[in-house]
>>> print(open('data-v7.txt').read())   # compact mmCIF, C-alpha atoms
# COMPACT_ATOMS: atom_id res chain seq x y z
CA MET P 21 -0.84 -21.32 -69.76
CA MET P 22 -2.82 -19.64 -66.98
CA ASP P 23 -2.14 -21.21 -63.59
CA ARG P 24 -5.45 -22.73 -62.49
CA THR P 25 -7.03 -25.75 -60.85
CA TYR P 26 -10.27 -27.10 -62.34
CA SER P 27 -13.32 -27.59 -60.17
CA ASP P 28 -13.48 -31.34 -60.67
CA SER P 29 -9.94 -31.68 -59.26
CA LEU P 30 -10.81 -30.10 -55.91
CA THR P 31 -11.60 -32.46 -53.02
CA PRO P 32 -12.09 -32.13 -49.23
CA GLU P 33 -8.73 -33.86 -48.77
CA MET P 34 -7.07 -30.71 -50.17
CA GLU P 35 -8.16 -28.66 -47.14
CA GLY P 36 -5.54 -26.05 -46.31
CA THR P 37 -4.07 -26.04 -49.81
CA THR P 38 -3.71 -22.78 -51.70
CA VAL P 39 -5.15 -22.96 -55.23
CA THR P 40 -6.08 -20.68 -58.11
CA ILE P 41 -9.37 -21.14 -59.90
CA ALA P 42 -10.70 -19.29 -62.95
CA GLY P 43 -14.05 -19.16 -64.69
CA TRP P 44 -17.39 -17.38 -64.93
CA VAL P 45 -19.41 -16.00 -62.04
CA HIS P 46 -22.41 -18.31 -62.07
CA GLU P 47 -24.23 -16.92 -59.03
CA ILE P 48 -23.76 -14.09 -56.53
CA ARG P 49 -25.30 -14.29 -53.08
CA GLY P 50 -25.01 -11.67 -50.38
CA LEU P 51 -25.95 -12.06 -46.73
CA GLY P 52 -24.81 -8.80 -45.17
CA LYS P 53 -21.19 -9.33 -44.10
CA LEU P 54 -21.06 -12.75 -45.77
CA ARG P 55 -20.94 -13.12 -49.56
CA PHE P 56 -20.76 -16.13 -51.87
CA LEU P 57 -19.58 -16.36 -55.46
CA LEU P 58 -20.23 -19.57 -57.39
CA ILE P 59 -17.54 -19.89 -60.06
CA ARG P 60 -18.20 -22.13 -63.09
CA ASP P 61 -15.26 -23.39 -65.15
CA GLY P 62 -16.77 -25.78 -67.70
CA ARG P 63 -16.17 -28.84 -65.53
CA GLY P 64 -18.27 -27.82 -62.58
CA ILE P 65 -18.88 -25.15 -59.94
CA VAL P 66 -16.77 -23.99 -56.99
CA GLN P 67 -18.07 -21.94 -54.09
CA VAL P 68 -15.99 -18.93 -53.05
CA THR P 69 -16.95 -17.77 -49.56
CA LEU P 70 -16.17 -14.23 -48.38
CA PRO P 71 -16.69 -13.54 -44.65
CA LYS P 72 -15.99 -9.80 -44.42
CA LYS P 73 -13.96 -10.10 -41.23
CA PHE P 74 -11.63 -12.76 -42.69
CA VAL P 75 -10.88 -11.32 -46.15
CA SER P 76 -9.23 -8.07 -47.16
CA GLU P 77 -11.34 -4.99 -47.84
CA GLU P 78 -10.06 -4.98 -51.43
CA THR P 79 -11.14 -8.58 -52.02
CA PHE P 80 -14.55 -8.04 -50.43
CA ALA P 81 -15.06 -4.89 -52.51
CA ALA P 82 -14.13 -6.77 -55.70
CA SER P 83 -16.83 -9.36 -54.96
CA LYS P 84 -19.42 -6.57 -54.76
CA GLU P 85 -18.41 -4.97 -58.05
CA VAL P 86 -18.38 -8.11 -60.18
CA SER P 87 -21.47 -9.03 -62.27
CA LYS P 88 -22.90 -12.44 -63.15
CA GLU P 89 -21.05 -14.17 -66.01
CA SER P 90 -17.94 -12.02 -65.58
CA VAL P 91 -14.66 -13.92 -65.94
CA VAL P 92 -12.61 -13.96 -62.75
CA ARG P 93 -9.52 -15.56 -61.30
CA VAL P 94 -9.53 -16.37 -57.59
CA ARG P 95 -6.59 -17.37 -55.43
CA GLY P 96 -7.41 -18.78 -52.02
CA THR P 97 -7.37 -21.63 -49.52
CA VAL P 98 -9.40 -24.81 -49.80
CA GLN P 99 -11.71 -25.44 -46.86
CA ARG P 100 -14.01 -28.39 -46.23
CA GLU P 101 -17.70 -27.47 -46.46
CA ASP P 102 -20.19 -30.31 -46.84
CA ARG P 103 -22.98 -27.99 -48.04
CA ALA P 104 -20.92 -26.61 -50.95
CA PRO P 105 -20.38 -28.24 -54.37
CA ASN P 106 -17.84 -31.10 -54.16
CA GLY P 107 -17.79 -30.63 -50.38
CA ILE P 108 -15.33 -27.68 -50.45
CA GLU P 109 -15.22 -23.91 -50.58
CA ILE P 110 -12.46 -21.40 -51.31
CA LEU P 111 -11.55 -18.64 -48.85
CA PRO P 112 -10.06 -16.04 -51.21
CA GLU P 113 -6.86 -14.07 -50.82
CA ASN P 114 -7.67 -12.01 -53.88
CA ILE P 115 -10.18 -11.81 -56.73
CA GLU P 116 -9.07 -10.62 -60.17
CA VAL P 117 -11.80 -9.52 -62.55
CA ILE P 118 -10.50 -10.48 -66.00
CA SER P 119 -13.56 -9.58 -68.07
CA LEU P 120 -16.65 -7.80 -66.75
CA ALA P 121 -19.97 -8.97 -68.22
CA VAL P 122 -22.57 -6.34 -69.12
CA THR P 123 -26.01 -6.49 -67.56
CA PRO P 124 -28.76 -7.45 -68.00
CA LEU P 125 -27.91 -10.83 -69.58
CA PRO P 126 -29.97 -11.90 -72.62
CA LEU P 127 -30.38 -15.37 -71.06
CA ASP P 128 -30.14 -16.88 -67.63
CA PRO P 129 -27.28 -19.44 -67.68
CA THR P 130 -28.49 -20.92 -64.40
CA GLY P 131 -31.62 -22.13 -66.19
CA LYS P 132 -33.95 -20.69 -63.55
CA VAL P 133 -35.61 -18.48 -66.15
CA ASN P 134 -36.74 -20.41 -69.22
CA ALA P 135 -36.20 -19.16 -72.76
CA ASN P 136 -37.55 -20.56 -76.02
CA LEU P 137 -35.21 -22.24 -78.49
CA ASP P 138 -35.07 -19.33 -80.94
CA THR P 139 -34.03 -16.93 -78.18
CA ARG P 140 -31.41 -19.41 -77.01
CA LEU P 141 -30.02 -19.83 -80.51
CA ASP P 142 -29.95 -16.07 -81.03
CA HIS P 143 -27.65 -15.86 -77.99
CA ARG P 144 -25.95 -19.22 -78.43
CA VAL P 145 -22.69 -18.34 -76.67
CA ILE P 146 -24.56 -17.64 -73.45
CA ASP P 147 -26.80 -20.67 -73.99
CA LEU P 148 -23.77 -22.97 -74.32
CA ARG P 149 -22.72 -22.02 -70.79
CA ARG P 150 -25.73 -23.91 -69.41
CA ALA P 151 -24.82 -27.33 -68.02
CA PRO P 152 -27.54 -29.31 -69.91
CA VAL P 153 -26.53 -27.70 -73.21
CA ALA P 154 -22.81 -28.28 -72.63
CA ALA P 155 -23.65 -31.90 -71.74
CA ILE P 156 -25.04 -32.49 -75.25
CA PHE P 157 -21.76 -31.53 -76.88
CA LYS P 158 -19.64 -33.54 -74.48
CA ALA P 159 -21.81 -36.54 -75.38
CA ARG P 160 -21.43 -35.69 -79.07
CA ALA P 161 -17.64 -35.58 -78.73
CA ALA P 162 -17.61 -38.92 -76.90
CA ALA P 163 -19.81 -40.56 -79.56
CA LEU P 164 -17.61 -39.33 -82.41
CA LYS P 165 -14.41 -40.35 -80.64
CA ALA P 166 -15.77 -43.87 -80.12
CA GLY P 167 -16.93 -43.98 -83.74
CA ARG P 168 -13.53 -42.96 -85.10
CA GLU P 169 -11.77 -45.48 -82.87
CA TYR P 170 -14.05 -48.29 -84.03
CA LEU P 171 -13.56 -47.46 -87.70
CA GLU P 172 -9.79 -47.21 -87.33
CA GLU P 173 -9.77 -50.62 -85.61
CA GLN P 174 -11.72 -52.00 -88.58
CA GLY P 175 -9.06 -50.76 -91.02
CA PHE P 176 -10.75 -47.57 -92.23
CA SER P 177 -8.64 -44.54 -93.15
CA ALA P 178 -9.83 -40.97 -92.62
CA ILE P 179 -10.29 -38.88 -95.78
CA LYS P 180 -11.45 -35.41 -96.77
CA THR P 181 -13.40 -34.80 -99.97
CA PRO P 182 -14.43 -31.48 -101.59
CA ARG P 183 -17.40 -29.50 -100.34
CA ILE P 184 -17.57 -27.64 -103.67
CA ILE P 185 -18.68 -29.86 -106.54
CA SER P 186 -19.65 -29.49 -110.19
CA THR P 187 -22.72 -31.76 -110.27
CA ALA P 188 -25.31 -33.36 -108.05
CA SER P 189 -23.87 -36.30 -106.13
CA GLU P 190 -27.20 -38.09 -105.79
CA GLY P 191 -29.36 -36.45 -108.41
CA GLY P 192 -32.33 -34.29 -107.52
CA THR P 193 -32.62 -30.54 -107.32
CA GLU P 194 -31.96 -29.98 -103.60
CA LEU P 195 -28.68 -28.20 -104.24
CA PHE P 196 -27.21 -24.88 -103.12
CA PRO P 197 -25.70 -23.27 -106.24
CA LEU P 198 -22.79 -20.89 -105.99
CA ALA P 199 -20.66 -18.79 -108.33
CA TYR P 200 -17.27 -20.46 -108.74
CA PHE P 201 -15.30 -17.91 -110.76
CA ASP P 202 -16.80 -18.20 -114.27
CA ARG P 203 -18.54 -21.55 -113.66
CA GLU P 204 -21.56 -22.83 -111.79
CA ALA P 205 -20.85 -25.04 -108.81
CA PHE P 206 -22.75 -26.48 -105.86
CA LEU P 207 -22.30 -27.23 -102.19
CA ALA P 208 -21.93 -30.99 -101.85
CA GLN P 209 -24.94 -33.09 -100.91
CA SER P 210 -22.56 -35.81 -99.69
CA PRO P 211 -19.08 -37.28 -100.44
CA GLN P 212 -20.77 -40.11 -102.37
CA LEU P 213 -19.07 -39.81 -105.76
CA TYR P 214 -15.60 -39.21 -104.34
CA LYS P 215 -15.61 -42.01 -101.81
CA GLN P 216 -16.74 -44.42 -104.54
CA MET P 217 -13.96 -43.21 -106.82
CA LEU P 218 -11.47 -43.99 -104.06
CA MET P 219 -12.54 -47.64 -104.17
CA ALA P 220 -10.66 -47.82 -107.49
CA THR P 221 -7.38 -46.70 -105.87
CA GLY P 222 -6.54 -49.45 -103.39
CA LEU P 223 -7.76 -47.44 -100.40
CA ASP P 224 -10.11 -50.27 -99.54
CA ARG P 225 -11.83 -48.72 -96.53
CA VAL P 226 -12.34 -44.99 -96.02
CA TYR P 227 -14.41 -42.78 -93.75
CA GLU P 228 -15.10 -39.10 -93.46
CA LEU P 229 -16.73 -36.84 -90.90
CA ALA P 230 -18.64 -35.12 -93.65
CA THR P 231 -20.92 -32.15 -94.07
CA TYR P 232 -24.06 -32.39 -96.20
CA PHE P 233 -25.79 -29.37 -97.68
CA ARG P 234 -29.41 -29.99 -98.64
CA ALA P 235 -31.54 -27.19 -100.10
CA GLU P 236 -34.78 -28.74 -98.87
CA GLU P 237 -37.46 -26.42 -97.51
CA HIS P 238 -38.15 -28.46 -94.40
CA ASP P 239 -39.47 -26.79 -91.29
CA THR P 240 -39.53 -29.66 -88.81
CA VAL P 241 -37.84 -30.58 -85.52
CA SER P 242 -35.75 -33.28 -87.23
CA HIS P 243 -34.33 -31.59 -90.37
CA LEU P 244 -31.46 -29.18 -91.00
CA ASN P 245 -29.95 -27.74 -94.17
CA GLU P 246 -26.37 -28.24 -93.02
CA VAL P 247 -25.88 -31.72 -91.62
CA SER P 248 -22.93 -33.67 -90.21
CA ALA P 249 -22.46 -37.34 -91.02
CA ILE P 250 -20.10 -40.27 -90.74
CA ASP P 251 -19.64 -41.42 -94.33
CA CYS P 252 -17.94 -44.74 -95.09
CA GLU P 253 -17.10 -46.80 -98.16
CA MET P 254 -15.51 -50.26 -98.32
CA SER P 255 -14.46 -52.47 -101.22
CA PHE P 256 -14.17 -56.20 -101.97
CA ILE P 257 -17.50 -56.92 -100.30
CA ASP P 258 -19.76 -59.89 -101.03
CA SER P 259 -23.02 -58.03 -100.41
CA GLU P 260 -24.62 -55.21 -98.48
CA SER P 261 -24.60 -57.49 -95.42
CA ASP P 262 -20.88 -56.79 -95.04
CA VAL P 263 -21.65 -53.09 -94.85
CA MET P 264 -24.47 -53.62 -92.35
CA ASP P 265 -22.05 -55.49 -90.08
CA ILE P 266 -19.88 -52.37 -89.92
CA VAL P 267 -22.90 -50.11 -89.36
CA GLU P 268 -24.06 -52.25 -86.45
CA GLY P 269 -20.61 -52.29 -84.85
CA LEU P 270 -20.21 -48.53 -85.32
CA THR P 271 -23.61 -47.77 -83.80
CA ILE P 272 -22.98 -49.96 -80.77
CA SER P 273 -19.53 -48.44 -80.25
CA MET P 274 -20.86 -44.88 -80.36
CA ILE P 275 -23.66 -45.64 -77.91
CA GLU P 276 -21.26 -47.39 -75.55
CA GLY P 277 -18.83 -44.47 -75.83
CA VAL P 278 -21.50 -42.17 -74.47
CA ARG P 279 -22.75 -44.64 -71.84
CA LYS P 280 -19.29 -45.27 -70.42
CA ASN P 281 -17.79 -41.79 -70.61
CA CYS P 282 -20.67 -39.38 -70.10
CA GLN P 283 -22.56 -40.50 -67.01
CA PRO P 284 -22.41 -37.06 -65.33
CA GLN P 285 -23.70 -35.45 -68.53
CA LEU P 286 -26.47 -38.04 -68.91
CA GLU P 287 -27.53 -37.39 -65.31
CA THR P 288 -27.62 -33.66 -66.05
CA LEU P 289 -29.85 -34.35 -69.05
CA GLY P 290 -31.99 -36.83 -67.13
CA VAL P 291 -31.30 -39.53 -69.71
CA GLU P 292 -30.63 -43.22 -69.17
CA ILE P 293 -29.19 -45.07 -72.17
CA GLU P 294 -29.72 -48.79 -72.44
CA LYS P 295 -27.19 -51.13 -73.98
CA PRO P 296 -28.49 -51.98 -77.49
CA LYS P 297 -30.09 -55.38 -77.99
CA THR P 298 -28.13 -57.31 -80.60
CA PRO P 299 -27.98 -58.50 -83.26
CA PHE P 300 -30.08 -55.82 -84.92
CA PRO P 301 -33.00 -57.43 -86.81
CA ARG P 302 -32.80 -57.25 -90.61
CA LEU P 303 -36.28 -56.80 -92.06
CA GLU P 304 -37.03 -56.87 -95.77
CA TYR P 305 -39.09 -53.97 -97.14
CA ARG P 306 -41.81 -56.31 -98.40
CA ASP P 307 -42.20 -57.89 -94.96
CA VAL P 308 -42.27 -54.47 -93.27
CA ILE P 309 -45.25 -53.44 -95.41
CA ASP P 310 -47.08 -56.59 -94.31
CA MET P 311 -46.18 -55.96 -90.64
CA LEU P 312 -47.51 -52.41 -90.79
CA LEU P 313 -50.81 -53.53 -92.27
CA SER P 314 -51.34 -56.44 -89.89
CA GLU P 315 -50.15 -54.82 -86.62
CA GLU P 316 -50.76 -51.09 -87.11
CA GLU P 317 -53.45 -51.19 -89.82
CA LEU P 318 -51.32 -48.85 -91.90
CA LYS P 319 -51.19 -49.43 -95.63
CA VAL P 320 -48.01 -48.43 -97.48
CA PRO P 321 -48.28 -49.01 -101.25
CA PHE P 322 -45.45 -51.21 -102.50
CA GLY P 323 -42.87 -49.08 -104.25
CA GLU P 324 -43.21 -46.04 -102.01
CA ASP P 325 -40.55 -44.96 -99.55
CA MET P 326 -41.23 -45.14 -95.83
CA ASN P 327 -42.82 -41.87 -94.74
CA THR P 328 -42.65 -40.50 -91.18
CA GLU P 329 -45.95 -42.09 -90.15
CA ALA P 330 -44.84 -45.51 -91.40
CA GLU P 331 -41.43 -45.21 -89.73
CA LYS P 332 -42.97 -44.34 -86.38
CA ALA P 333 -45.50 -47.17 -86.66
CA LEU P 334 -42.72 -49.66 -87.38
CA GLY P 335 -40.80 -48.23 -84.43
CA ARG P 336 -43.74 -49.05 -82.15
CA ILE P 337 -43.91 -52.60 -83.49
CA MET P 338 -40.19 -53.17 -82.97
CA GLN P 339 -40.16 -51.66 -79.48
CA ARG P 340 -42.96 -54.06 -78.54
CA ARG P 341 -40.56 -56.78 -79.65
CA GLY P 342 -37.76 -55.31 -77.55
CA TYR P 343 -35.69 -53.60 -80.27
CA LYS P 344 -34.82 -49.94 -80.70
CA HIS P 345 -32.43 -50.57 -83.61
CA TYR P 346 -33.25 -52.54 -86.75
CA PHE P 347 -32.46 -52.60 -90.45
CA ILE P 348 -34.88 -52.34 -93.36
CA THR P 349 -33.42 -54.02 -96.46
CA LYS P 350 -34.26 -54.76 -100.10
CA TYR P 351 -36.04 -51.53 -100.97
CA PRO P 352 -37.51 -51.23 -104.49
CA LEU P 353 -34.71 -50.19 -106.83
CA GLU P 354 -36.57 -47.25 -108.35
CA ILE P 355 -36.76 -45.30 -105.09
CA LYS P 356 -33.02 -45.59 -104.52
CA PRO P 357 -30.15 -43.49 -106.01
CA PHE P 358 -28.64 -44.42 -109.38
CA TYR P 359 -25.50 -45.99 -107.86
CA THR P 360 -27.44 -48.63 -105.86
CA MET P 361 -26.84 -52.24 -106.91
CA PRO P 362 -29.92 -54.17 -108.13
CA ASP P 363 -30.64 -57.39 -106.30
CA SER P 364 -29.36 -60.40 -108.27
CA GLY P 365 -32.44 -62.49 -107.46
CA ASP P 366 -35.00 -59.79 -108.23
CA PRO P 367 -33.72 -56.79 -110.24
CA THR P 368 -36.74 -54.70 -109.20
CA LEU P 369 -35.30 -54.70 -105.68
CA SER P 370 -32.03 -53.22 -104.46
CA ASN P 371 -29.12 -54.26 -102.28
CA SER P 372 -29.85 -51.34 -100.00
CA PHE P 373 -30.68 -50.80 -96.34
CA ASP P 374 -31.62 -48.22 -93.74
CA LEU P 375 -30.84 -48.44 -90.05
CA GLU P 376 -33.79 -47.24 -87.98
CA PHE P 377 -33.56 -46.02 -84.39
CA MET P 378 -36.91 -45.92 -82.53
CA GLY P 379 -38.87 -45.21 -85.68
CA ARG P 380 -36.47 -42.81 -87.40
CA GLU P 381 -33.84 -43.44 -90.07
CA ILE P 382 -30.28 -42.67 -88.93
CA VAL P 383 -28.27 -44.56 -91.57
CA SER P 384 -28.78 -45.18 -95.26
CA GLY P 385 -26.49 -47.42 -97.29
CA SER P 386 -26.13 -50.04 -99.99
CA GLN P 387 -23.93 -52.15 -102.16
CA ARG P 388 -22.95 -49.97 -105.13
CA ILE P 389 -22.91 -50.70 -108.83
CA HIS P 390 -19.33 -51.32 -109.97
CA ASP P 391 -20.07 -52.07 -113.64
CA HIS P 392 -19.54 -49.02 -115.88
CA ALA P 393 -22.24 -49.89 -118.41
CA LEU P 394 -24.91 -50.61 -115.79
CA LEU P 395 -24.00 -47.47 -113.85
CA THR P 396 -24.33 -45.35 -116.97
CA GLU P 397 -27.67 -46.96 -117.76
CA ARG P 398 -28.94 -46.18 -114.25
CA ILE P 399 -27.83 -42.55 -114.50
CA VAL P 400 -29.81 -42.18 -117.73
CA SER P 401 -32.84 -43.91 -116.17
CA LYS P 402 -32.89 -41.15 -113.51
CA ASP P 403 -33.05 -38.49 -116.27
CA LEU P 404 -29.49 -37.40 -115.53
CA ASP P 405 -26.78 -36.62 -118.10
CA PRO P 406 -23.79 -39.00 -117.97
CA ASP P 407 -21.60 -36.17 -119.30
CA GLY P 408 -22.07 -34.43 -115.98
CA PHE P 409 -20.45 -37.40 -114.22
CA GLY P 410 -17.31 -37.64 -116.37
CA ALA P 411 -14.59 -37.95 -113.71
CA TYR P 412 -16.78 -40.21 -111.59
CA LEU P 413 -17.61 -42.60 -114.43
CA GLU P 414 -13.98 -42.69 -115.59
CA ALA P 415 -13.01 -44.40 -112.34
CA PHE P 416 -15.26 -47.32 -113.33
CA ARG P 417 -13.56 -47.81 -116.70
CA TYR P 418 -10.20 -48.96 -115.32
CA GLY P 419 -11.10 -51.64 -112.81
CA ILE P 420 -13.05 -51.16 -109.62
CA PRO P 421 -13.97 -53.86 -107.08
CA PRO P 422 -17.40 -54.61 -105.62
CA HIS P 423 -18.02 -52.03 -102.92
CA GLY P 424 -20.60 -50.47 -100.67
CA GLY P 425 -21.03 -47.84 -98.05
CA PHE P 426 -23.31 -45.70 -95.92
CA GLY P 427 -23.89 -42.34 -94.32
CA MET P 428 -24.92 -41.89 -90.68
CA GLY P 429 -26.61 -38.64 -89.68
CA ILE P 430 -24.84 -37.53 -86.51
CA GLU P 431 -27.42 -34.97 -85.40
CA ARG P 432 -30.40 -37.27 -85.73
CA PHE P 433 -28.50 -40.07 -83.97
CA LEU P 434 -27.80 -37.75 -81.03
CA MET P 435 -31.30 -36.31 -80.93
CA LEU P 436 -32.74 -39.80 -80.52
CA LEU P 437 -30.02 -41.11 -78.22
CA LEU P 438 -30.33 -38.18 -75.81
CA ASN P 439 -34.12 -37.88 -76.16
CA LEU P 440 -33.95 -34.26 -77.31
CA PRO P 441 -37.05 -32.49 -78.65
CA ASN P 442 -35.33 -30.71 -81.55
CA ILE P 443 -32.40 -31.58 -83.79
CA ARG P 444 -31.12 -27.99 -83.51
CA GLU P 445 -30.15 -28.80 -79.92
CA THR P 446 -27.36 -31.07 -81.24
CA VAL P 447 -25.59 -28.41 -83.34
CA LEU P 448 -23.47 -25.58 -81.96
CA PHE P 449 -24.70 -23.11 -84.57
CA PRO P 450 -27.51 -24.75 -86.59
CA ARG P 451 -28.46 -23.82 -90.13
CA ASP P 452 -32.01 -24.24 -91.33
CA ARG P 453 -34.20 -22.43 -93.85
CA HIS P 454 -34.73 -19.54 -91.40
CA ARG P 455 -31.40 -19.31 -89.59
CA LEU P 456 -28.12 -18.07 -91.06
CA GLU P 457 -26.56 -16.60 -87.92
CA PRO P 458 -24.98 -16.55 -85.43
>>> encode(input="data-v7.txt", output="structure tokens")
Amino acid sequence: MMDRTYSDSLTPEMEGTTVTIAGWVHEIRGLGKLRFLLIRDGRGIVQVTLPKKFVSEETFAASKEVSKESVVRVRGTVQREDRAPNGIEILPENIEVISLAVTPLPLDPTGKVNANLDTRLDHRVIDLRRAPVAAIFKARAAALKAGREYLEEQGFSAIKTPRIISTASEGGTELFPLAYFDREAFLAQSPQLYKQMLMATGLDRVYELATYFRAEEHDTVSHLNEVSAIDCEMSFIDSESDVMDIVEGLTISMIEGVRKNCQPQLETLGVEIEKPKTPFPRLEYRDVIDMLLSEEELKVPFGEDMNTEAEKALGRIMQRRGYKHYFITKYPLEIKPFYTMPDSGDPTLSNSFDLEFMGREIVSGSQRIHDHALLTERIVSKDLDPDGFGAYLEAFRYGIPPHGGFGMGIERFLMLLLNLPNIRETVLFPRDRHRLEP
């Protein structure tokens, strides 16, 4: 490994110590016989100060030849300087230019010159060098780490299911077809069928950091065609309430993971995250429709899914009541996928739920049907061919317990948590209907 000290490890107490730093040249400032290089290493910025009379001619010359965003390695002495980042500067013995950056740069990594999102995404590698952009992905990593830890503590095992499938996992036509040798195949909409099949194996609780592919022609700030999700399934449940308990715990853990471990990044983004108010309210679909009409004068016909306008209106109602997170339960059965369990008290309703975050859905889940005959009947009712679900349906013929699960959209969760204007900000290299590279 390259010998180096990271910027966040340097303190004024190290004055007089010889260190080696390495990173990108963030800024270059010249004041006649005094030059400054600001070196960025992914954890912060270090000031390298070059008084011409105190450094070698070779070192001073190297500082004049280097360009912004070049990769350098600097060996020098730590000196206290209250006006510099972290209260220190480096007086260099030598500067090694490892990789010289061409000029002009397509973007300004300092952020002093604004660029629109498309330009930033076209030059994403440079964009990711900007502190606010890097902060998003450090927060994302912290959220996912906290989520995995919570699920493992709750007895869930990590799995990996195929991304290439032979049939639609949730029905519908929003599939990306592909040529699979001499057969037709599709990119998976979700791990739904496979994680349900695993409930027949004795793996009682499973989770996957999954990828969804949805061939939907959206062109909004909150939709992508390649989406990441936390997908979970659990067996031997009494009702969907058991699943909602896990969803609530997972959501709280992920938020707390960011709050506790990403304060510098949140400050960079100018975001303050509140501790969620618990327990999350559980609102029945029928009651939500009444709330919208009485408090927002918005009529949603019974039997229709919640559109964006209705979701946002409900979000306003719930924020007036002090809640950013809340469940909607007992949706009409006919607007839910074929595998959703009908409600035992009213078979026109379903044992399903969504978790909403400030007026946007971030989780969808339900208790699943575990009876083979009923599941087959529901597949037919959705104008689907049971023969296309052969391996899936077979799992239900040989004993499968009551089970349920959910999928949490990671990008939408982060967009709302970090108050970002566009979901593409939460993905390293986003894919939408217009973007296939970089």
>>> closest_atom_pairs(input="data-v7.txt", of="stretch 144-259 of chain P", to="stretch 375-385 of chain P", cutoff="12 Å", atoms="only C-alpha atoms", output="tab-separated table")
residue	atom	partner	partner_atom	distance
P:Gln212	CA	P:Gly385	CA	10.6
P:Ser242	CA	P:Arg380	CA	9.6
P:His243	CA	P:Arg380	CA	11.8
P:Ser248	CA	P:Ile382	CA	11.7
P:Ala249	CA	P:Val383	CA	9.3
P:Ile250	CA	P:Val383	CA	9.3
P:Asp251	CA	P:Gly385	CA	9.6
P:Cys252	CA	P:Gly385	CA	9.2
P:Glu253	CA	P:Gly385	CA	9.5
P:Met254	CA	P:Gly385	CA	11.4
P:Ser259	CA	P:Gly385	CA	11.6
>>> atom_distance(input="data-v7.txt", atom1="atom CA of P:Leu111", atom2="atom CA of P:Ser83")
12.3 Å
>>> atom_distance(input="data-v7.txt", atom1="atom CA of P:Ala235", atom2="atom CA of P:Thr181")
19.7 Å
>>> closest_atom_pairs(input="data-v7.txt", of="stretch 201-230 of chain P", to="stretch 416-423 of chain P", cutoff="8 Å", atoms="only C-alpha atoms", output="Markdown table")
| residue | atom | partner | partner_atom | distance |
| --- | --- | --- | --- | --- |
| P:Gln216 | CA | P:His423 | CA | 7.9 |
| P:Met217 | CA | P:Phe416 | CA | 7.8 |
| P:Met219 | CA | P:Ile420 | CA | 6.5 |
| P:Ala220 | CA | P:Ile420 | CA | 4.6 |
>>> closest_atom_pairs(input="data-v7.txt", of="stretch 72-184 of chain P", to="stretch 424-444 of chain P", cutoff="12 Å", atoms="only C-alpha atoms", output="Markdown table")
| residue | atom | partner | partner_atom | distance |
| --- | --- | --- | --- | --- |
| P:Asn136 | CA | P:Asn442 | CA | 11.8 |
| P:Leu137 | CA | P:Arg444 | CA | 8.7 |
| P:Asp138 | CA | P:Arg444 | CA | 9.9 |
| P:Arg140 | CA | P:Arg444 | CA | 10.8 |
| P:Leu141 | CA | P:Arg444 | CA | 8.8 |
| P:Arg144 | CA | P:Arg444 | CA | 11.4 |
| P:Pro152 | CA | P:Leu440 | CA | 11.0 |
| P:Val153 | CA | P:Leu440 | CA | 10.7 |
| P:Ala155 | CA | P:Leu438 | CA | 10.0 |
| P:Ile156 | CA | P:Leu438 | CA | 7.8 |
| P:Phe157 | CA | P:Leu434 | CA | 9.6 |
| P:Lys158 | CA | P:Leu434 | CA | 11.3 |
| P:Ala159 | CA | P:Leu434 | CA | 8.3 |
| P:Arg160 | CA | P:Leu434 | CA | 7.0 |
| P:Ala161 | CA | P:Leu434 | CA | 10.6 |
| P:Ala162 | CA | P:Leu434 | CA | 11.1 |
| P:Ala163 | CA | P:Leu434 | CA | 8.6 |
| P:Leu164 | CA | P:Ile430 | CA | 8.5 |
| P:Gly167 | CA | P:Ile430 | CA | 10.6 |
| P:Phe176 | CA | P:Gly425 | CA | 11.8 |
>>> atom_distance(input="data-v7.txt", atom1="atom CA of P:Val308", atom2="atom CA of P:Ile348")
7.7 Å
>>> closest_residue(input="data-v7.txt", among="P:Val278, P:Ile118, P:Ala330, P:Val68", to="P:Met22", atoms="only C-alpha atoms")
P:Ile118
>>> residues_near_point(input="data-v7.txt", point="(-16.0, -30.7, -63.2)", cutoff="6 Å", atoms="only C-alpha atoms", output="CSV table (one decimal) with C-alpha atoms, in the frame of the given file")
chain,number,residue,atom,x,y,z
P,27,SER,CA,-13.3,-27.6,-60.2
P,28,ASP,CA,-13.5,-31.3,-60.7
P,63,ARG,CA,-16.2,-28.8,-65.5
P,64,GLY,CA,-18.3,-27.8,-62.6
>>> residues_near_point(input="data-v7.txt", point="(-30.6, -26.8, -90.8)", cutoff="6 Å", atoms="all atoms listed in the file", output="list in words")
Leu244, Asn245, Glu246, Pro450, Arg451 and Asp452 of chain P
>>> residues_around(input="data-v7.txt", residues="P:Glu304", least_positions_apart="4", cutoff="12 Å", atoms="all atoms listed in the file", output="PyMOL selection string")
chain P and resi 308-311+346-352+369-375
>>> closest_residue(input="data-v7.txt", among="P:Leu395, P:Ile146, P:Val92, P:Ala333", to="P:Met361", atoms="all atoms listed in the file")
P:Leu395
>>> closest_residue(input="data-v7.txt", among="P:Val133, P:Val263, P:Val241, P:Ile389", to="P:Thr446", atoms="all atoms listed in the file")
P:Val241
>>> residues_around(input="data-v7.txt", residues="P:Lys280", least_positions_apart="5", cutoff="12 Å", atoms="all atoms listed in the file", output="list in words")
Ala159, Ala162, Ala163, Ala166, Ile272, Ser273, Met274, Ile275, Gln285, Leu286, Glu292, Ile293, Glu294 and Lys295 of chain P
>>> closest_residue(input="data-v7.txt", among="P:Val91, P:Glu414, P:Arg340, P:Ser255", to="P:Ser386", atoms="all atoms listed in the file")
P:Ser255
>>> closest_residue(input="data-v7.txt", among="P:Arg93, P:Lys53, P:His345, P:Arg183", to="P:Lys73", atoms="only C-alpha atoms")
P:Lys53
